[in-house]
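Reproduced below: query37.pdb, with PDB, C-alpha atoms, pLDDT in the B column.
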```
ATOM      1  CA  MET A   1       0.000   0.000   0.000  1.00 44.00           C
ATOM      2  CA  ASN A   2       1.451   3.339  -1.032  1.00 47.00           C
ATOM      3  CA  ARG A   3       0.908   6.220   1.342  1.00 47.00           C
ATOM      4  CA  PRO A   4       2.259   9.734   0.982  1.00 52.00           C
ATOM      5  CA  LEU A   5       4.916  10.740   3.471  1.00 49.00           C
ATOM      6  CA  PRO A   6       3.691  13.113   6.181  1.00 51.00           C
ATOM      7  CA  SER A   7       4.368  16.766   5.635  1.00 52.00           C
ATOM      8  CA  PRO A   8       7.461  18.018   7.488  1.00 53.00           C
ATOM      9  CA  ASP A   9       5.186  20.651   8.996  1.00 56.00           C
ATOM     10  CA  ALA A  10       2.837  18.051  10.476  1.00 51.00           C
ATOM     11  CA  PRO A  11       3.441  17.274  14.172  1.00 52.00           C
ATOM     12  CA  GLU A  12       3.780  13.528  13.486  1.00 51.00           C
ATOM     13  CA  GLY A  13       6.370  14.231  10.794  1.00 48.00           C
ATOM     14  CA  ARG A  14       8.571  16.272  13.111  1.00 49.00           C
ATOM     15  CA  ALA A  15       8.904  14.052  16.185  1.00 49.00           C
ATOM     16  CA  GLY A  16      12.142  15.609  17.358  1.00 49.00           C
ATOM     17  CA  ALA A  17      14.033  14.888  14.160  1.00 56.00           C
ATOM     18  CA  CYS A  18      16.606  17.623  14.774  1.00 59.00           C
ATOM     19  CA  ASP A  19      16.114  18.348  18.448  1.00 61.00           C
ATOM     20  CA  PRO A  20      18.039  15.896  20.691  1.00 60.00           C
ATOM     21  CA  ALA A  21      16.124  17.121  23.748  1.00 62.00           C
ATOM     22  CA  ALA A  22      12.857  16.053  22.120  1.00 60.00           C
ATOM     23  CA  ALA A  23      14.154  12.531  21.552  1.00 65.00           C
ATOM     24  CA  GLY A  24      14.125  11.687  25.262  1.00 72.00           C
ATOM     25  CA  THR A  25      16.524   9.311  26.941  1.00 82.00           C
ATOM     26  CA  VAL A  26      17.538   5.839  25.879  1.00 82.00           C
ATOM     27  CA  PRO A  27      16.752   3.220  28.540  1.00 85.00           C
ATOM     28  CA  SER A  28      19.609   1.134  29.927  1.00 83.00           C
ATOM     29  CA  LEU A  29      19.878  -2.604  29.303  1.00 84.00           C
ATOM     30  CA  GLN A  30      18.877  -3.179  32.926  1.00 86.00           C
ATOM     31  CA  GLU A  31      15.620  -1.306  32.318  1.00 89.00           C
ATOM     32  CA  VAL A  32      14.777  -3.325  29.216  1.00 90.00           C
ATOM     33  CA  LEU A  33      16.133  -6.837  29.813  1.00 91.00           C
ATOM     34  CA  PRO A  34      15.978  -9.029  32.928  1.00 91.00           C
ATOM     35  CA  GLY A  35      19.606  -9.815  33.611  1.00 95.00           C
ATOM     36  CA  ARG A  36      22.664  -8.836  35.583  1.00 94.00           C
ATOM     37  CA  ARG A  37      26.005  -7.166  35.168  1.00 94.00           C
ATOM     38  CA  LEU A  38      28.731  -9.786  34.976  1.00 91.00           C
ATOM     39  CA  GLU A  39      32.329  -9.018  35.932  1.00 91.00           C
ATOM     40  CA  THR A  40      34.888 -10.834  33.771  1.00 88.00           C
ATOM     41  CA  PRO A  41      38.706 -10.740  33.681  1.00 88.00           C
ATOM     42  CA  ALA A  42      38.364  -8.575  30.551  1.00 89.00           C
ATOM     43  CA  GLY A  43      35.826  -6.176  32.105  1.00 90.00           C
ATOM     44  CA  PRO A  44      32.068  -6.119  32.697  1.00 93.00           C
ATOM     45  CA  CYS A  45      29.313  -7.186  30.329  1.00 93.00           C
ATOM     46  CA  TYR A  46      25.560  -7.639  30.738  1.00 94.00           C
ATOM     47  CA  HIS A  47      24.239 -11.226  30.960  1.00 94.00           C
ATOM     48  CA  VAL A  48      20.691 -12.404  30.235  1.00 96.00           C
ATOM     49  CA  ARG A  49      19.527 -16.025  30.458  1.00 95.00           C
ATOM     50  CA  TRP A  50      16.413 -17.335  28.722  1.00 95.00           C
ATOM     51  CA  GLU A  51      14.977 -20.803  29.357  1.00 96.00           C
ATOM     52  CA  HIS A  52      12.401 -22.102  26.890  1.00 97.00           C
ATOM     53  CA  PRO A  53      10.431 -25.337  27.342  1.00 98.00           C
ATOM     54  CA  LEU A  54      10.899 -27.695  24.398  1.00 98.00           C
ATOM     55  CA  CYS A  55       7.242 -27.220  23.443  1.00 97.00           C
ATOM     56  CA  PHE A  56       8.006 -23.514  22.761  1.00 96.00           C
ATOM     57  CA  ARG A  57       7.449 -22.724  19.096  1.00 94.00           C
ATOM     58  CA  TYR A  58      10.054 -20.752  17.247  1.00 82.00           C
ATOM     59  CA  GLY A  59       8.668 -20.319  13.767  1.00 90.00           C
ATOM     60  CA  ALA A  60       6.539 -23.205  12.571  1.00 93.00           C
ATOM     61  CA  ALA A  61       7.886 -25.951  14.818  1.00 95.00           C
ATOM     62  CA  PRO A  62       8.405 -26.536  18.540  1.00 97.00           C
ATOM     63  CA  LEU A  63      12.024 -26.577  19.723  1.00 96.00           C
ATOM     64  CA  LYS A  64      11.818 -30.308  20.491  1.00 96.00           C
ATOM     65  CA  GLU A  65      11.627 -31.017  16.739  1.00 96.00           C
ATOM     66  CA  ALA A  66      15.304 -30.029  16.427  1.00 95.00           C
ATOM     67  CA  LEU A  67      16.162 -33.084  18.521  1.00 96.00           C
ATOM     68  CA  THR A  68      14.797 -35.361  15.784  1.00 96.00           C
ATOM     69  CA  VAL A  69      17.352 -34.190  13.191  1.00 96.00           C
ATOM     70  CA  SER A  70      19.873 -36.970  12.606  1.00 96.00           C
ATOM     71  CA  GLY A  71      23.607 -36.609  12.230  1.00 96.00           C
ATOM     72  CA  ARG A  72      23.232 -38.033   8.723  1.00 97.00           C
ATOM     73  CA  THR A  73      20.851 -35.213   7.797  1.00 97.00           C
ATOM     74  CA  LEU A  74      23.313 -32.653   9.191  1.00 96.00           C
ATOM     75  CA  ALA A  75      26.136 -34.247   7.169  1.00 97.00           C
ATOM     76  CA  VAL A  76      24.149 -34.074   3.934  1.00 98.00           C
ATOM     77  CA  LEU A  77      22.952 -30.497   4.492  1.00 97.00           C
ATOM     78  CA  GLY A  78      26.370 -29.330   5.670  1.00 96.00           C
ATOM     79  CA  ARG A  79      28.254 -31.322   3.022  1.00 97.00           C
ATOM     80  CA  ASP A  80      30.531 -32.572   5.777  1.00 97.00           C
ATOM     81  CA  GLU A  81      30.646 -36.270   6.680  1.00 97.00           C
ATOM     82  CA  SER A  82      32.089 -35.506  10.134  1.00 95.00           C
ATOM     83  CA  LEU A  83      28.691 -34.084  11.111  1.00 95.00           C
ATOM     84  CA  GLU A  84      27.247 -37.613  11.151  1.00 96.00           C
ATOM     85  CA  GLU A  85      28.606 -37.929  14.696  1.00 93.00           C
ATOM     86  CA  VAL A  86      26.826 -34.797  15.950  1.00 92.00           C
ATOM     87  CA  THR A  87      23.849 -35.112  18.262  1.00 93.00           C
ATOM     88  CA  LEU A  88      21.935 -31.843  18.545  1.00 94.00           C
ATOM     89  CA  ALA A  89      20.889 -32.706  22.105  1.00 94.00           C
ATOM     90  CA  ARG A  90      24.579 -32.296  23.003  1.00 92.00           C
ATOM     91  CA  ALA A  91      25.375 -29.405  20.658  1.00 91.00           C
ATOM     92  CA  CYS A  92      26.257 -25.824  21.445  1.00 90.00           C
ATOM     93  CA  PHE A  93      24.769 -23.123  19.210  1.00 92.00           C
ATOM     94  CA  MET A  94      26.500 -19.755  18.988  1.00 92.00           C
ATOM     95  CA  ASP A  95      25.471 -16.514  17.289  1.00 94.00           C
ATOM     96  CA  THR A  96      26.940 -13.026  17.252  1.00 93.00           C
ATOM     97  CA  GLU A  97      25.490  -9.646  16.395  1.00 93.00           C
ATOM     98  CA  THR A  98      27.806  -6.944  15.108  1.00 91.00           C
ATOM     99  CA  THR A  99      27.705  -3.249  14.308  1.00 90.00           C
ATOM    100  CA  GLY A 100      28.271  -3.953  10.611  1.00 83.00           C
ATOM    101  CA  LEU A 101      29.004  -6.500   7.932  1.00 77.00           C
ATOM    102  CA  ALA A 102      32.231  -5.043   6.545  1.00 74.00           C
ATOM    103  CA  GLY A 103      34.519  -6.630   9.110  1.00 68.00           C
ATOM    104  CA  GLY A 104      37.826  -5.199  10.189  1.00 71.00           C
ATOM    105  CA  THR A 105      38.353  -1.926  12.003  1.00 75.00           C
ATOM    106  CA  GLY A 106      35.163  -0.300  13.221  1.00 78.00           C
ATOM    107  CA  THR A 107      33.063  -3.469  13.389  1.00 87.00           C
ATOM    108  CA  TYR A 108      32.274  -4.589  16.923  1.00 90.00           C
ATOM    109  CA  VAL A 109      30.581  -7.664  18.341  1.00 91.00           C
ATOM    110  CA  PHE A 110      27.972  -6.211  20.697  1.00 93.00           C
ATOM    111  CA  LEU A 111      26.070  -9.423  21.500  1.00 94.00           C
ATOM    112  CA  VAL A 112      27.117 -13.065  21.794  1.00 94.00           C
ATOM    113  CA  GLY A 113      24.411 -15.679  22.214  1.00 94.00           C
ATOM    114  CA  VAL A 114      25.065 -19.291  23.219  1.00 93.00           C
ATOM    115  CA  GLY A 115      22.281 -21.886  23.320  1.00 93.00           C
ATOM    116  CA  TRP A 116      21.996 -25.554  24.251  1.00 93.00           C
ATOM    117  CA  PHE A 117      19.498 -28.236  25.213  1.00 95.00           C
ATOM    118  CA  GLU A 118      19.399 -29.008  28.920  1.00 94.00           C
ATOM    119  CA  GLY A 119      16.842 -31.534  30.139  1.00 95.00           C
ATOM    120  CA  ASP A 120      13.410 -30.379  28.984  1.00 96.00           C
ATOM    121  CA  LEU A 121      14.636 -26.834  28.207  1.00 97.00           C
ATOM    122  CA  PHE A 122      16.495 -24.924  25.537  1.00 96.00           C
ATOM    123  CA  VAL A 123      18.740 -22.462  27.393  1.00 95.00           C
ATOM    124  CA  VAL A 124      20.117 -19.279  25.825  1.00 95.00           C
ATOM    125  CA  ASP A 125      22.777 -17.128  27.463  1.00 94.00           C
ATOM    126  CA  GLN A 126      23.239 -13.677  25.943  1.00 95.00           C
ATOM    127  CA  TYR A 127      26.232 -11.457  26.656  1.00 94.00           C
ATOM    128  CA  PHE A 128      25.908  -7.776  25.736  1.00 94.00           C
ATOM    129  CA  MET A 129      28.810  -5.362  25.299  1.00 93.00           C
ATOM    130  CA  GLU A 130      28.265  -2.312  27.526  1.00 90.00           C
ATOM    131  CA  ASP A 131      30.509   0.041  25.542  1.00 89.00           C
ATOM    132  CA  TYR A 132      32.926  -0.133  22.603  1.00 88.00           C
ATOM    133  CA  ASP A 133      36.010  -0.557  24.774  1.00 89.00           C
ATOM    134  CA  ARG A 134      34.358  -3.527  26.506  1.00 89.00           C
ATOM    135  CA  GLU A 135      34.099  -5.880  23.522  1.00 89.00           C
ATOM    136  CA  PRO A 136      36.756  -8.262  24.988  1.00 89.00           C
ATOM    137  CA  SER A 137      34.468  -8.829  28.007  1.00 88.00           C
ATOM    138  CA  LEU A 138      32.170 -10.973  25.829  1.00 88.00           C
ATOM    139  CA  SER A 139      34.796 -13.643  25.196  1.00 85.00           C
ATOM    140  CA  PRO A 140      35.428 -15.206  28.645  1.00 73.00           C
ATOM    141  CA  PRO A 141      31.790 -15.853  29.635  1.00 75.00           C
ATOM    142  CA  SER A 142      30.682 -17.090  26.211  1.00 72.00           C
ATOM    143  CA  ARG A 143      33.707 -19.405  26.057  1.00 73.00           C
ATOM    144  CA  ARG A 144      32.974 -20.727  29.555  1.00 67.00           C
ATOM    145  CA  THR A 145      29.323 -21.337  28.640  1.00 67.00           C
ATOM    146  CA  SER A 146      30.164 -23.107  25.392  1.00 65.00           C
ATOM    147  CA  GLU A 147      32.859 -25.283  26.987  1.00 68.00           C
ATOM    148  CA  GLY A 148      30.137 -26.811  29.160  1.00 64.00           C
ATOM    149  CA  SER A 149      28.611 -28.267  26.007  1.00 54.00           C
ATOM    150  CA  ARG A 150      29.882 -31.561  24.735  1.00 50.00           C
ATOM    151  CA  GLN A 151      29.845 -30.916  20.964  1.00 49.00           C
ATOM    152  CA  TRP A 152      30.352 -27.948  18.669  1.00 46.00           C
TER     153      TRP A 152
END
```

Can I see the file as C-alpha cells?
Amino acid sequence: MNRPLPSPDAPEGRAGACDPAAAGTVPSLQEVLPGRRLETPAGPCYHVRWEHPLCFRYGAAPLKEALTVSGRTLAVLGRDESLEEVTLARACFMDTETTGLAGGTGTYVFLVGVGWFEGDLFVVDQYFMEDYDREPSLSPPSRRTSEGSRQW
C-alpha cells in the first residue's frame, strides 16, 4: 500500500528529528532486559539467560523437533561427513550480532548468544557489550558457557 509521506510541517512528521532534547533518553539494558552485570577478567558485560520449554514454538515448529534431526541429515545439508557424529541434544549453538558487515576496524561484536538443550529446556545465554572498549568482556563468559557443552 502506497501512502504519501507526512508533511514536514505536520506534528507527526517532526517528532524531534533535529532536536536531541525532544528525543528523550535511551533506557539502559537493565531497564529493558531481565539480567545482571557480569564481571569478567576482561571487564564487565551484561548477561541475560532465557529458558524455553521444548514445546516452545520458534517459527513453525516446537524446539523439540530439532532433537529429531539426525547426524546423517546434518552431514548431507552441511556437506561434511564428520557431522554424522553430531547429536543436537549435546550441541552448542553460537550466534553473534555486530555493528556492521564489513569486518575489520570499526566493526564490533555487541552481543554473543550461546544456546543448548538441557533436560526439557532450551537455554540461551546472551552477553551484551556495555561500551565499545568492553568488547573483549564478551569472550570469557561465552567461552565458559560453550565449553560446558559436549559438541560444537

Could you check how far atom CA of Ala102 of chain A sits from atom CA of Arg134 of chain A, in Å to one decimal? 20.1 Å

I want to know what sits within 6 Å of Val112 of chain A, based on all atoms listed in the file, with residues of the same chain fewer than 6 positions away left out; could you give that as a list in words?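 Listing them by chain and then by number gives Asp95, Thr96, Gln126 and Tyr127 of chain A.
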
With C-alpha atoms retained, could you export that selection as a CSV table (one decimal), in the coordinates of the input?
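Wrote part-v2.csv, looks like this:
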```
chain,number,residue,atom,x,y,z
A,95,ASP,CA,25.5,-16.5,17.3
A,96,THR,CA,26.9,-13.0,17.3
A,126,GLN,CA,23.2,-13.7,25.9
A,127,TYR,CA,26.2,-11.5,26.7
```

Can you list, as a PDB file with C-alpha atoms, in the frame of the given file, every protein, DNA or RNA residue that comes within 10 Å of Leu138 of chain A when you count only C-alpha atoms, leaving out same-chain residues fewer than 5 positions away?
```pdb
ATOM      1  CA  LEU A  38      28.731  -9.786  34.976  1.00 91.00           C
ATOM      2  CA  THR A  40      34.888 -10.834  33.771  1.00 88.00           C
ATOM      3  CA  ALA A  42      38.364  -8.575  30.551  1.00 89.00           C
ATOM      4  CA  GLY A  43      35.826  -6.176  32.105  1.00 90.00           C
ATOM      5  CA  PRO A  44      32.068  -6.119  32.697  1.00 93.00           C
ATOM      6  CA  CYS A  45      29.313  -7.186  30.329  1.00 93.00           C
ATOM      7  CA  TYR A  46      25.560  -7.639  30.738  1.00 94.00           C
ATOM      8  CA  HIS A  47      24.239 -11.226  30.960  1.00 94.00           C
ATOM      9  CA  VAL A 109      30.581  -7.664  18.341  1.00 91.00           C
ATOM     10  CA  PHE A 110      27.972  -6.211  20.697  1.00 93.00           C
ATOM     11  CA  LEU A 111      26.070  -9.423  21.500  1.00 94.00           C
ATOM     12  CA  VAL A 112      27.117 -13.065  21.794  1.00 94.00           C
ATOM     13  CA  GLY A 113      24.411 -15.679  22.214  1.00 94.00           C
ATOM     14  CA  GLN A 126      23.239 -13.677  25.943  1.00 95.00           C
ATOM     15  CA  TYR A 127      26.232 -11.457  26.656  1.00 94.00           C
ATOM     16  CA  PHE A 128      25.908  -7.776  25.736  1.00 94.00           C
ATOM     17  CA  MET A 129      28.810  -5.362  25.299  1.00 93.00           C
ATOM     18  CA  GLU A 130      28.265  -2.312  27.526  1.00 90.00           C
ATOM     19  CA  ARG A 143      33.707 -19.405  26.057  1.00 73.00           C
TER      20      ARG A 143
END
```

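Of the listed residues A:Gly106, A:Asp125, A:Asp120, A:Ser82, the one whose atoms come nearest to Pro34 of chain A is A:Asp125, with distances taken using all atoms listed in the file.
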
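Pairwise distance (atom CA of Phe122 of chain A, atom CA of Pro53 of chain A) equals 6.3 Å.
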
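Take the candidates A:Val76, A:Met94, A:Leu121, A:Leu67 and check each one against His52 of chain A using all atoms listed in the file; the shortest distance goes to A:Leu121.
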
Rounded to one decimal, what separation in Å do you get between atom CA of Gly100 of chain A and atom CA of Val124 of chain A?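 Here the two named atoms are 23.1 Å from each other.
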
Return the padded bounding box of segment 32-45 of chain A as JSON: axis-aligned, built from all atoms listed in the file, 8 Å added on each side, with centre and edge lengths in Å to one decimal.
```
{"center_x": 26.7, "center_y": -7.1, "center_z": 32.6, "size_x": 39.9, "size_y": 23.5, "size_z": 22.7}
```

Selection in question (the file shown): the PyMOL selection byres ((chain A and resi 33) around 10). Which residues does it include, as a VMD selection string? chain A and resid 28 to 32 34 to 36 46 to 49

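Take the candidates A:Trp50, A:Trp116, A:Ala75, A:Gly104 and check each one against Leu88 of chain A using only C-alpha atoms; the shortest distance goes to A:Trp116.
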
What's the 9 Å shell around Arg72 of chain A, counting all atoms listed in the file, without same-chain residues fewer than 4 positions away, as a PyMOL selection string? chain A and resi 76-77+81+83-86

Measuring atom to atom with only C-alpha atoms, identify which of A:Pro141, A:Gly78, A:Gly59, A:Pro136 is nearest to Val114 of chain A. A:Pro141
